[in-house]
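**Q** Handing you a structure now.
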Number of protein chains: 2
Amino acid sequence: MEKHFLTNVFKEGLFTLQELEQIIPQFREVSFAKNDFLLAEGKTAQHYWFIQQGYARSFAVDTEGKDISTDFYTTGDIVIDWTSFFLRTPTRENIQALTDCTCWQLDFETFQQLFHSIESFREAGRKRLVQSYFELKSHNISMIADQAKDRYQRLLKEKPQIFQNVSLKQIATYLGITDTSLSRIRKEISSE
Amino acid sequence: MEKHFLTNVFKEGLFTLQELEQIIPQFREVSFAKNDFLLAEGKTAQHYWFIQQGYARSFAVDTEGKDISTDFYTTGDIVIDWTSFFLRTPTRENIQALTDCTCWQLDFETFQQLFHSIESFREAGRKRLVQSYFELKSHNISMIADQAKDRYQRLLKEKPQIFQNVSLKQIATYLGITDTSLSRIRKEISSE
DNA sequence: CCCCTTTCTTGCCATATGGCAAGAGAAATC
DNA sequence: GATTTCTCTTGCCATATGGCAAGAAAGGGG
């Protein structure tokens with residue numbers, strides 16, 4: 001097998017060569033143009049993706065119609081609505097390409113077949129889900145325990161690339177503040 | 001098999017009778033006294049539990065030493081630190097009994113054996129994890145989109161029993177506010 | 001049953017963050 | 001290249017929530 005992008009994605013999963021040869025060809029390469037929706041509110045997720053190139057954002061729309069960023073994604077990341085994909089229910093979130101994107105896509109039925117037949121595949125999948133859970137919980141605790149400025153600085157340190165590709169307004173809602181406040185925080189930091 | 005408490009817990013999982021007979025005896029009945037720790041910061045979770053009777057709380061301690069409630073548990077609920085249990089890493093959270101508790105406990109090795117050998121068991125487990133993820137995300141969005149008063153009223157509606165068994169201080173940190181503010185919110189509501 | 005500890009409430013004032021609107025700057029469109 | 005649209009910044013003031021401390025109320029242990 002020639003070196004496939006997905007070999008990087010799966011390199012930590014303790015897969016045998018045969019397993020990788022069974023798994024990787026199931027993914028289909030798909031492209032999205034900037035602003036395309038990978039998933040829209042009300043639909044049930046039929047796929048998930050690994051991003052080879054580009055940026056994406058997930059967001060929910062609150063009762064007042066304001067959107068709230070829930071996550072950002074780039075090269076190597078899994079893009080998945082865990083709840084909708086696994087519970088087979090309509091999602092309340094949207095996932096949108098922030099730039100043109102190249103992705104590798106897997107559908108639910110194929111996932112299920114791999115999940116139930118390959119032990120290392122389910123171990124790896126479970127691990128990804130639990131890691132997402134951990135990040136969500138950390139974000140949650142940070143929302144309660146930390147000031148907006150601290151959350152901003154942590155994001156800046158952990159995902160500096162997104163500041164090149166995401167508007168401050170979208171970053172602000174992820175941090176739980178308004179773009180106005182984020183602008184003031186940035187000003188304050190730059191004058192330190 | 002006589003009617004076991006856990007048959008209720010597993011009744012939605014599409015298990016065959018044989019599967020239930022294989023799964024349920026693996027759980028061990030354990031008791032905790034009020035204030036006992038089921039899991040303490042720095043330890044790696046070796047077990048998880050279903051609560052038959054009693055109340056428990058999980059919480060994290062922030063950098064200033066203040067504790068933040070992350071969840072409350074009672075009859076029928078699964079009590080598990082997903083991250084520590086599955087990633088086999090030391091936890092940053094604590095789980096403590098709020099009342100005397102009777103629980104059914106499963107250890108990691110037994111879980112793994114059931115998980116990899118019984119398809120319906122892994123489907124049910126994955127579903128539980130995803131539901132926890134969903135609740136965590138909802139809480140997260142609510143922290144950003146809703147006022148403290150709305151979060152309080154939602155909790156009151158969704159988990160009224162916890163108000164009988166948990167101090168307002170512990171509920172306040174779950175809602176992301178101080179006990180002082182919660183007290184004022186309650187006053188305001190009672191005068192409506 | 002009484003004491004001690006913990007929980008809850010309330011007042012006073014401080015602080016973080018929001019809402020709105022105007023202007024500046026940057027980017028997309030024609 | 002000019003125009004339109006979106007993004008970001010800034011000022012003014014409003015509001016939600018916090019910090020602290022004191023008292024009231026409730027609960028637990030000897």
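Simple scheme: letters A, B, ... for chains in structure tokens order, numbers from 1 for residues in each chain, numbers from 1 for ligands in the order shown.
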Skipping near chain neighbours, those fewer than 5 positions away, what residues fall within 6 Å of stretch 94-105 of chain B using only C-alpha atoms (C1' of nucleotides), listed as JSON, numbers by chain?
**A** {"B": [27, 28, 29, 30, 31, 32, 33, 34, 35, 36, 37, 38, 39, 40, 41, 48, 49, 50, 51, 52, 53, 54, 55, 56, 57, 58, 59]}
**Q** With a distance threshold of 9 Å and counting only C-alpha atoms (C1' of nucleotides), extract the residues of chain B near chain D and express them as number ranges by chain.
**A** B: 147-148, 177-178, 180-181
**Q** Can you give chain B as a PDB file with C-alpha atoms, in the first residue's frame after you superpose it on chain A, pairing all C-alpha atoms in order for the least-squares fit?
**A**
ATOM      1  CA  MET B   1      -0.077   0.066  -0.047  1.00  0.00           C
ATOM      2  CA  GLU B   2       1.382   3.433  -0.873  1.00  0.00           C
ATOM      3  CA  LYS B   3       1.591   5.963   1.921  1.00  0.00           C
ATOM      4  CA  HIS B   4      -1.911   7.219   2.480  1.00  0.00           C
ATOM      5  CA  PHE B   5      -2.846  10.324   4.474  1.00  0.00           C
ATOM      6  CA  LEU B   6      -4.909   8.164   6.808  1.00  0.00           C
ATOM      7  CA  THR B   7      -1.912   6.113   7.898  1.00  0.00           C
ATOM      8  CA  ASN B   8      -0.917   9.138   9.992  1.00  0.00           C
ATOM      9  CA  VAL B   9      -4.375   9.348  11.450  1.00  0.00           C
ATOM     10  CA  PHE B  10      -4.318   5.689  12.478  1.00  0.00           C
ATOM     11  CA  LYS B  11      -0.692   5.386  13.422  1.00  0.00           C
ATOM     12  CA  GLU B  12      -1.290   5.444  17.170  1.00  0.00           C
ATOM     13  CA  GLY B  13      -3.974   2.798  17.170  1.00  0.00           C
ATOM     14  CA  LEU B  14      -1.904  -0.417  17.312  1.00  0.00           C
ATOM     15  CA  PHE B  15      -3.377  -1.669  14.047  1.00  0.00           C
ATOM     16  CA  THR B  16      -1.830  -4.533  12.119  1.00  0.00           C
ATOM     17  CA  LEU B  17      -1.015  -3.953   8.487  1.00  0.00           C
ATOM     18  CA  GLN B  18      -3.871  -6.177   7.418  1.00  0.00           C
ATOM     19  CA  GLU B  19      -6.279  -4.208   9.539  1.00  0.00           C
ATOM     20  CA  LEU B  20      -5.146  -0.937   8.018  1.00  0.00           C
ATOM     21  CA  GLU B  21      -5.621  -2.425   4.579  1.00  0.00           C
ATOM     22  CA  GLN B  22      -9.109  -3.383   5.591  1.00  0.00           C
ATOM     23  CA  ILE B  23      -9.953  -0.003   7.135  1.00  0.00           C
ATOM     24  CA  ILE B  24      -8.374   2.689   5.018  1.00  0.00           C
ATOM     25  CA  PRO B  25      -9.935   1.797   1.636  1.00  0.00           C
ATOM     26  CA  GLN B  26     -13.364   2.216   3.209  1.00  0.00           C
ATOM     27  CA  PHE B  27     -12.813   5.970   3.400  1.00  0.00           C
ATOM     28  CA  ARG B  28     -13.794   8.118   0.467  1.00  0.00           C
ATOM     29  CA  GLU B  29     -12.060  11.359  -0.411  1.00  0.00           C
ATOM     30  CA  VAL B  30     -14.463  14.303  -0.486  1.00  0.00           C
ATOM     31  CA  SER B  31     -14.018  18.045  -0.904  1.00  0.00           C
ATOM     32  CA  PHE B  32     -15.927  20.953   0.523  1.00  0.00           C
ATOM     33  CA  ALA B  33     -15.816  24.536  -0.653  1.00  0.00           C
ATOM     34  CA  LYS B  34     -15.531  27.381   1.830  1.00  0.00           C
ATOM     35  CA  ASN B  35     -18.866  27.889   3.624  1.00  0.00           C
ATOM     36  CA  ASP B  36     -20.274  24.497   2.617  1.00  0.00           C
ATOM     37  CA  PHE B  37     -22.115  22.673   5.365  1.00  0.00           C
ATOM     38  CA  LEU B  38     -20.802  19.237   6.259  1.00  0.00           C
ATOM     39  CA  LEU B  39     -23.824  18.839   8.523  1.00  0.00           C
ATOM     40  CA  ALA B  40     -26.840  21.089   9.084  1.00  0.00           C
ATOM     41  CA  GLU B  41     -29.206  21.418  12.033  1.00  0.00           C
ATOM     42  CA  GLY B  42     -32.106  18.978  11.811  1.00  0.00           C
ATOM     43  CA  LYS B  43     -30.239  16.380   9.729  1.00  0.00           C
ATOM     44  CA  THR B  44     -28.944  13.090  11.070  1.00  0.00           C
ATOM     45  CA  ALA B  45     -25.204  12.603  10.649  1.00  0.00           C
ATOM     46  CA  GLN B  46     -24.553   9.855   8.103  1.00  0.00           C
ATOM     47  CA  HIS B  47     -20.791  10.337   7.954  1.00  0.00           C
ATOM     48  CA  TYR B  48     -17.764  11.539   9.751  1.00  0.00           C
ATOM     49  CA  TRP B  49     -14.507  12.861   8.343  1.00  0.00           C
ATOM     50  CA  PHE B  50     -10.817  13.260   8.893  1.00  0.00           C
ATOM     51  CA  ILE B  51      -9.520  16.565   7.587  1.00  0.00           C
ATOM     52  CA  GLN B  52      -6.500  16.330   5.364  1.00  0.00           C
ATOM     53  CA  GLN B  53      -6.449  20.010   4.503  1.00  0.00           C
ATOM     54  CA  GLY B  54      -8.494  23.040   5.589  1.00  0.00           C
ATOM     55  CA  TYR B  55     -10.485  24.405   8.527  1.00  0.00           C
ATOM     56  CA  ALA B  56     -14.001  23.790   9.787  1.00  0.00           C
ATOM     57  CA  ARG B  57     -16.182  24.931  12.643  1.00  0.00           C
ATOM     58  CA  SER B  58     -19.161  23.469  14.464  1.00  0.00           C
ATOM     59  CA  PHE B  59     -21.754  25.719  16.040  1.00  0.00           C
ATOM     60  CA  ALA B  60     -25.171  25.685  17.643  1.00  0.00           C
ATOM     61  CA  VAL B  61     -27.827  28.344  17.254  1.00  0.00           C
ATOM     62  CA  ASP B  62     -29.411  29.457  20.519  1.00  0.00           C
ATOM     63  CA  THR B  63     -33.005  30.472  21.174  1.00  0.00           C
ATOM     64  CA  GLU B  64     -32.278  34.083  20.257  1.00  0.00           C
ATOM     65  CA  GLY B  65     -30.782  33.083  16.918  1.00  0.00           C
ATOM     66  CA  LYS B  66     -27.205  33.764  17.934  1.00  0.00           C
ATOM     67  CA  ASP B  67     -24.678  31.166  16.960  1.00  0.00           C
ATOM     68  CA  ILE B  68     -22.233  29.674  19.429  1.00  0.00           C
ATOM     69  CA  SER B  69     -19.073  27.980  18.210  1.00  0.00           C
ATOM     70  CA  THR B  70     -18.631  24.573  19.780  1.00  0.00           C
ATOM     71  CA  ASP B  71     -15.379  23.501  18.148  1.00  0.00           C
ATOM     72  CA  PHE B  72     -12.787  24.130  15.440  1.00  0.00           C
ATOM     73  CA  TYR B  73     -11.143  21.499  13.260  1.00  0.00           C
ATOM     74  CA  THR B  74      -8.105  21.271  11.021  1.00  0.00           C
ATOM     75  CA  THR B  75      -5.602  18.839   9.472  1.00  0.00           C
ATOM     76  CA  GLY B  76      -5.634  15.467  11.193  1.00  0.00           C
ATOM     77  CA  ASP B  77      -8.727  16.181  13.277  1.00  0.00           C
ATOM     78  CA  ILE B  78     -11.808  14.009  13.295  1.00  0.00           C
ATOM     79  CA  VAL B  79     -14.958  15.938  12.413  1.00  0.00           C
ATOM     80  CA  ILE B  80     -17.955  14.190  13.883  1.00  0.00           C
ATOM     81  CA  ASP B  81     -21.206  14.924  15.639  1.00  0.00           C
ATOM     82  CA  TRP B  82     -20.901  12.108  18.172  1.00  0.00           C
ATOM     83  CA  THR B  83     -24.462  12.347  19.346  1.00  0.00           C
ATOM     84  CA  SER B  84     -26.184  12.461  15.999  1.00  0.00           C
ATOM     85  CA  PHE B  85     -23.903   9.879  14.418  1.00  0.00           C
ATOM     86  CA  PHE B  86     -24.277   7.285  17.150  1.00  0.00           C
ATOM     87  CA  LEU B  87     -27.773   7.871  18.425  1.00  0.00           C
ATOM     88  CA  ARG B  88     -29.073   8.274  14.863  1.00  0.00           C
ATOM     89  CA  THR B  89     -30.994  11.398  15.817  1.00  0.00           C
ATOM     90  CA  PRO B  90     -31.312  14.827  14.167  1.00  0.00           C
ATOM     91  CA  THR B  91     -28.587  17.180  15.281  1.00  0.00           C
ATOM     92  CA  ARG B  92     -28.932  20.607  16.848  1.00  0.00           C
ATOM     93  CA  GLU B  93     -25.556  21.672  15.540  1.00  0.00           C
ATOM     94  CA  ASN B  94     -24.043  22.739  12.252  1.00  0.00           C
ATOM     95  CA  ILE B  95     -20.637  21.961  10.839  1.00  0.00           C
ATOM     96  CA  GLN B  96     -19.330  24.343   8.222  1.00  0.00           C
ATOM     97  CA  ALA B  97     -16.144  24.603   6.177  1.00  0.00           C
ATOM     98  CA  LEU B  98     -14.222  27.786   6.998  1.00  0.00           C
ATOM     99  CA  THR B  99     -11.894  27.259   4.053  1.00  0.00           C
ATOM    100  CA  ASP B 100     -11.907  24.836   1.143  1.00  0.00           C
ATOM    101  CA  CYS B 101     -11.396  21.410   2.672  1.00  0.00           C
ATOM    102  CA  THR B 102     -10.167  17.996   1.613  1.00  0.00           C
ATOM    103  CA  CYS B 103     -11.510  15.210   3.822  1.00  0.00           C
ATOM    104  CA  TRP B 104     -11.745  11.451   4.133  1.00  0.00           C
ATOM    105  CA  GLN B 105     -15.263  10.308   4.789  1.00  0.00           C
ATOM    106  CA  LEU B 106     -16.739   7.181   6.372  1.00  0.00           C
ATOM    107  CA  ASP B 107     -20.441   6.341   6.564  1.00  0.00           C
ATOM    108  CA  PHE B 108     -22.309   4.884   9.516  1.00  0.00           C
ATOM    109  CA  GLU B 109     -22.948   1.396   8.140  1.00  0.00           C
ATOM    110  CA  THR B 110     -19.323   0.893   7.191  1.00  0.00           C
ATOM    111  CA  PHE B 111     -18.274   2.237  10.564  1.00  0.00           C
ATOM    112  CA  GLN B 112     -20.522  -0.259  12.318  1.00  0.00           C
ATOM    113  CA  GLN B 113     -19.155  -3.139  10.340  1.00  0.00           C
ATOM    114  CA  LEU B 114     -15.558  -2.187  11.167  1.00  0.00           C
ATOM    115  CA  PHE B 115     -16.431  -1.397  14.768  1.00  0.00           C
ATOM    116  CA  HIS B 116     -17.945  -4.770  15.463  1.00  0.00           C
ATOM    117  CA  SER B 117     -15.391  -6.798  13.535  1.00  0.00           C
ATOM    118  CA  ILE B 118     -12.049  -5.215  14.466  1.00  0.00           C
ATOM    119  CA  GLU B 119     -11.101  -4.958  18.123  1.00  0.00           C
ATOM    120  CA  SER B 120      -8.370  -2.354  17.626  1.00  0.00           C
ATOM    121  CA  PHE B 121     -10.753  -0.218  15.592  1.00  0.00           C
ATOM    122  CA  ARG B 122     -13.234  -0.057  18.422  1.00  0.00           C
ATOM    123  CA  GLU B 123     -10.518   0.621  20.955  1.00  0.00           C
ATOM    124  CA  ALA B 124      -9.251   3.509  18.837  1.00  0.00           C
ATOM    125  CA  GLY B 125     -12.747   4.860  18.254  1.00  0.00           C
ATOM    126  CA  ARG B 126     -13.618   4.704  21.917  1.00  0.00           C
ATOM    127  CA  LYS B 127     -10.397   6.511  22.727  1.00  0.00           C
ATOM    128  CA  ARG B 128     -11.233   9.335  20.343  1.00  0.00           C
ATOM    129  CA  LEU B 129     -14.682   9.744  21.803  1.00  0.00           C
ATOM    130  CA  VAL B 130     -13.345   9.780  25.342  1.00  0.00           C
ATOM    131  CA  GLN B 131     -10.722  12.339  24.426  1.00  0.00           C
ATOM    132  CA  SER B 132     -13.424  14.565  22.977  1.00  0.00           C
ATOM    133  CA  TYR B 133     -15.357  14.107  26.183  1.00  0.00           C
ATOM    134  CA  PHE B 134     -12.304  15.129  28.174  1.00  0.00           C
ATOM    135  CA  GLU B 135     -11.772  18.273  26.142  1.00  0.00           C
ATOM    136  CA  LEU B 136     -15.397  19.215  26.461  1.00  0.00           C
ATOM    137  CA  LYS B 137     -15.284  18.763  30.209  1.00  0.00           C
ATOM    138  CA  SER B 138     -12.096  20.809  30.491  1.00  0.00           C
ATOM    139  CA  HIS B 139     -13.738  23.575  28.521  1.00  0.00           C
ATOM    140  CA  ASN B 140     -16.718  23.345  30.811  1.00  0.00           C
ATOM    141  CA  ILE B 141     -14.693  23.638  33.986  1.00  0.00           C
ATOM    142  CA  SER B 142     -12.693  26.461  32.482  1.00  0.00           C
ATOM    143  CA  MET B 143     -15.929  28.354  31.747  1.00  0.00           C
ATOM    144  CA  ILE B 144     -16.724  28.228  35.436  1.00  0.00           C
ATOM    145  CA  ALA B 145     -13.316  28.561  37.051  1.00  0.00           C
ATOM    146  CA  ASP B 146     -11.401  30.873  34.740  1.00  0.00           C
ATOM    147  CA  GLN B 147     -11.760  34.437  33.572  1.00  0.00           C
ATOM    148  CA  ALA B 148     -12.368  35.112  29.883  1.00  0.00           C
ATOM    149  CA  LYS B 149      -8.828  36.411  29.548  1.00  0.00           C
ATOM    150  CA  ASP B 150      -7.378  33.144  30.812  1.00  0.00           C
ATOM    151  CA  ARG B 151      -9.544  31.111  28.462  1.00  0.00           C
ATOM    152  CA  TYR B 152      -8.422  33.271  25.578  1.00  0.00           C
ATOM    153  CA  GLN B 153      -4.776  32.838  26.410  1.00  0.00           C
ATOM    154  CA  ARG B 154      -5.135  29.120  26.774  1.00  0.00           C
ATOM    155  CA  LEU B 155      -6.793  28.830  23.369  1.00  0.00           C
ATOM    156  CA  LEU B 156      -4.122  31.023  21.848  1.00  0.00           C
ATOM    157  CA  LYS B 157      -1.487  28.702  23.201  1.00  0.00           C
ATOM    158  CA  GLU B 158      -3.206  25.424  22.375  1.00  0.00           C
ATOM    159  CA  LYS B 159      -4.626  26.235  18.934  1.00  0.00           C
ATOM    160  CA  PRO B 160      -2.729  29.230  17.586  1.00  0.00           C
ATOM    161  CA  GLN B 161      -3.468  28.293  13.976  1.00  0.00           C
ATOM    162  CA  ILE B 162      -7.167  28.928  14.321  1.00  0.00           C
ATOM    163  CA  PHE B 163      -6.560  32.617  14.865  1.00  0.00           C
ATOM    164  CA  GLN B 164      -5.328  32.778  11.290  1.00  0.00           C
ATOM    165  CA  ASN B 165      -8.484  31.215   9.938  1.00  0.00           C
ATOM    166  CA  VAL B 166     -11.418  32.002  12.185  1.00  0.00           C
ATOM    167  CA  SER B 167     -13.070  35.359  12.824  1.00  0.00           C
ATOM    168  CA  LEU B 168     -12.766  36.834  16.288  1.00  0.00           C
ATOM    169  CA  LYS B 169     -16.516  36.830  16.553  1.00  0.00           C
ATOM    170  CA  GLN B 170     -16.582  33.053  16.122  1.00  0.00           C
ATOM    171  CA  ILE B 171     -13.745  32.594  18.576  1.00  0.00           C
ATOM    172  CA  ALA B 172     -15.510  34.846  21.068  1.00  0.00           C
ATOM    173  CA  THR B 173     -18.641  32.702  21.193  1.00  0.00           C
ATOM    174  CA  TYR B 174     -16.484  29.635  21.723  1.00  0.00           C
ATOM    175  CA  LEU B 175     -14.932  31.400  24.712  1.00  0.00           C
ATOM    176  CA  GLY B 176     -18.370  32.364  25.998  1.00  0.00           C
ATOM    177  CA  ILE B 177     -17.996  36.110  25.505  1.00  0.00           C
ATOM    178  CA  THR B 178     -18.940  38.737  22.918  1.00  0.00           C
ATOM    179  CA  ASP B 179     -16.638  39.922  20.160  1.00  0.00           C
ATOM    180  CA  THR B 180     -16.600  43.320  21.871  1.00  0.00           C
ATOM    181  CA  SER B 181     -15.184  41.854  25.060  1.00  0.00           C
ATOM    182  CA  LEU B 182     -12.698  39.747  23.163  1.00  0.00           C
ATOM    183  CA  SER B 183     -11.467  42.838  21.386  1.00  0.00           C
ATOM    184  CA  ARG B 184     -10.927  44.566  24.733  1.00  0.00           C
ATOM    185  CA  ILE B 185      -9.126  41.564  26.164  1.00  0.00           C
ATOM    186  CA  ARG B 186      -6.791  41.496  23.178  1.00  0.00           C
ATOM    187  CA  LYS B 187      -6.114  45.199  23.572  1.00  0.00           C
ATOM    188  CA  GLU B 188      -5.340  44.754  27.226  1.00  0.00           C
ATOM    189  CA  ILE B 189      -2.938  41.905  26.539  1.00  0.00           C
ATOM    190  CA  SER B 190      -1.144  43.703  23.738  1.00  0.00           C
ATOM    191  CA  SER B 191      -0.443  46.619  26.052  1.00  0.00           C
ATOM    192  CA  GLU B 192       1.164  44.426  28.708  1.00  0.00           C
TER     193      GLU B 192
END
**Q** Which of stretch 104-182 of chain B counts as strand (DSSP E or B) under DSSP, as a list in words please?
**A**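 After running DSSP on the backbone, stretch 104-182 of chain B has strand (DSSP E or B) at Trp104, Gln105, Leu106 and Asp107 of chain B.
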**Q** Once you have the residues from the selection above, write them out as a PDB file, in the first residue's frame, restricted to C-alpha atoms.
**A**
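Result written to result10.pdb:
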ATOM      1  CA  TRP B 104     -23.293  -2.443  41.629  1.00  0.00           C
ATOM      2  CA  GLN B 105     -19.678  -2.361  40.611  1.00  0.00           C
ATOM      3  CA  LEU B 106     -17.803  -3.589  37.539  1.00  0.00           C
ATOM      4  CA  ASP B 107     -14.030  -3.524  37.082  1.00  0.00           C
TER       5      ASP B 107
END
**Q** Quick check: residues of chain C within 12 Å of chain B, only C-alpha atoms (C1' of nucleotides), returned as an MDAnalysis selection string.
**A** chainID C and resid 6:11
**Q** Include N, CA and C atoms (P, O5', C5', C4', C3', O3' and C1' of nucleotides) and write out the residues we just selected as a PDB file, in the first residue's frame.
**A**
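Everything below was put into again.pdb:
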ATOM      1  P    DT C   6     -17.518  22.593  59.873  1.00  0.00           P
ATOM      2  O5'  DT C   6     -18.857  22.740  59.010  1.00  0.00           O
ATOM      3  C5'  DT C   6     -19.773  21.651  58.969  1.00  0.00           C
ATOM      4  C4'  DT C   6     -21.065  22.128  58.357  1.00  0.00           C
ATOM      5  C3'  DT C   6     -20.880  22.875  57.025  1.00  0.00           C
ATOM      6  O3'  DT C   6     -21.641  22.184  56.048  1.00  0.00           O
ATOM      7  C1'  DT C   6     -22.322  24.075  58.470  1.00  0.00           C
ATOM      8  P    DT C   7     -21.762  22.730  54.566  1.00  0.00           P
ATOM      9  O5'  DT C   7     -23.147  23.530  54.622  1.00  0.00           O
ATOM     10  C5'  DT C   7     -24.337  22.841  54.949  1.00  0.00           C
ATOM     11  C4'  DT C   7     -25.476  23.835  54.906  1.00  0.00           C
ATOM     12  C3'  DT C   7     -25.609  24.582  53.578  1.00  0.00           C
ATOM     13  O3'  DT C   7     -26.964  24.446  53.179  1.00  0.00           O
ATOM     14  C1'  DT C   7     -25.610  26.110  55.387  1.00  0.00           C
ATOM     15  P    DC C   8     -27.411  24.920  51.720  1.00  0.00           P
ATOM     16  O5'  DC C   8     -28.083  26.335  52.025  1.00  0.00           O
ATOM     17  C5'  DC C   8     -29.191  26.394  52.923  1.00  0.00           C
ATOM     18  C4'  DC C   8     -29.467  27.838  53.262  1.00  0.00           C
ATOM     19  C3'  DC C   8     -29.593  28.768  52.048  1.00  0.00           C
ATOM     20  O3'  DC C   8     -30.946  29.210  52.001  1.00  0.00           O
ATOM     21  C1'  DC C   8     -28.313  29.743  53.819  1.00  0.00           C
ATOM     22  P    DT C   9     -31.382  30.294  50.899  1.00  0.00           P
ATOM     23  O5'  DT C   9     -31.172  31.666  51.671  1.00  0.00           O
ATOM     24  C5'  DT C   9     -31.946  31.924  52.844  1.00  0.00           C
ATOM     25  C4'  DT C   9     -31.582  33.288  53.394  1.00  0.00           C
ATOM     26  C3'  DT C   9     -31.797  34.455  52.422  1.00  0.00           C
ATOM     27  O3'  DT C   9     -32.649  35.375  53.095  1.00  0.00           O
ATOM     28  C1'  DT C   9     -29.653  34.585  53.447  1.00  0.00           C
ATOM     29  P    DT C  10     -33.413  36.505  52.284  1.00  0.00           P
ATOM     30  O5'  DT C  10     -32.488  37.787  52.512  1.00  0.00           O
ATOM     31  C5'  DT C  10     -32.165  38.178  53.847  1.00  0.00           C
ATOM     32  C4'  DT C  10     -31.040  39.191  53.830  1.00  0.00           C
ATOM     33  C3'  DT C  10     -31.107  40.236  52.707  1.00  0.00           C
ATOM     34  O3'  DT C  10     -31.371  41.496  53.308  1.00  0.00           O
ATOM     35  C1'  DT C  10     -28.892  39.435  53.072  1.00  0.00           C
ATOM     36  P    DG C  11     -31.615  42.811  52.512  1.00  0.00           P
ATOM     37  O5'  DG C  11     -30.235  43.596  52.708  1.00  0.00           O
ATOM     38  C5'  DG C  11     -29.823  43.955  54.031  1.00  0.00           C
ATOM     39  C4'  DG C  11     -28.463  44.634  53.987  1.00  0.00           C
ATOM     40  C3'  DG C  11     -28.332  45.698  52.894  1.00  0.00           C
ATOM     41  O3'  DG C  11     -27.809  46.905  53.453  1.00  0.00           O
ATOM     42  C1'  DG C  11     -26.579  44.086  52.702  1.00  0.00           C
TER      43       DG C  11
END
**Q** Taking the chain letters and numbering used in this document, name the residues of chain A that DSSP puts in alpha helix (DSSP H), as a PyMOL selection string.
**A** chain A and resi 5-9+17-23+82-87+108-117+119-145+148-158+162-165+168-175+179-190
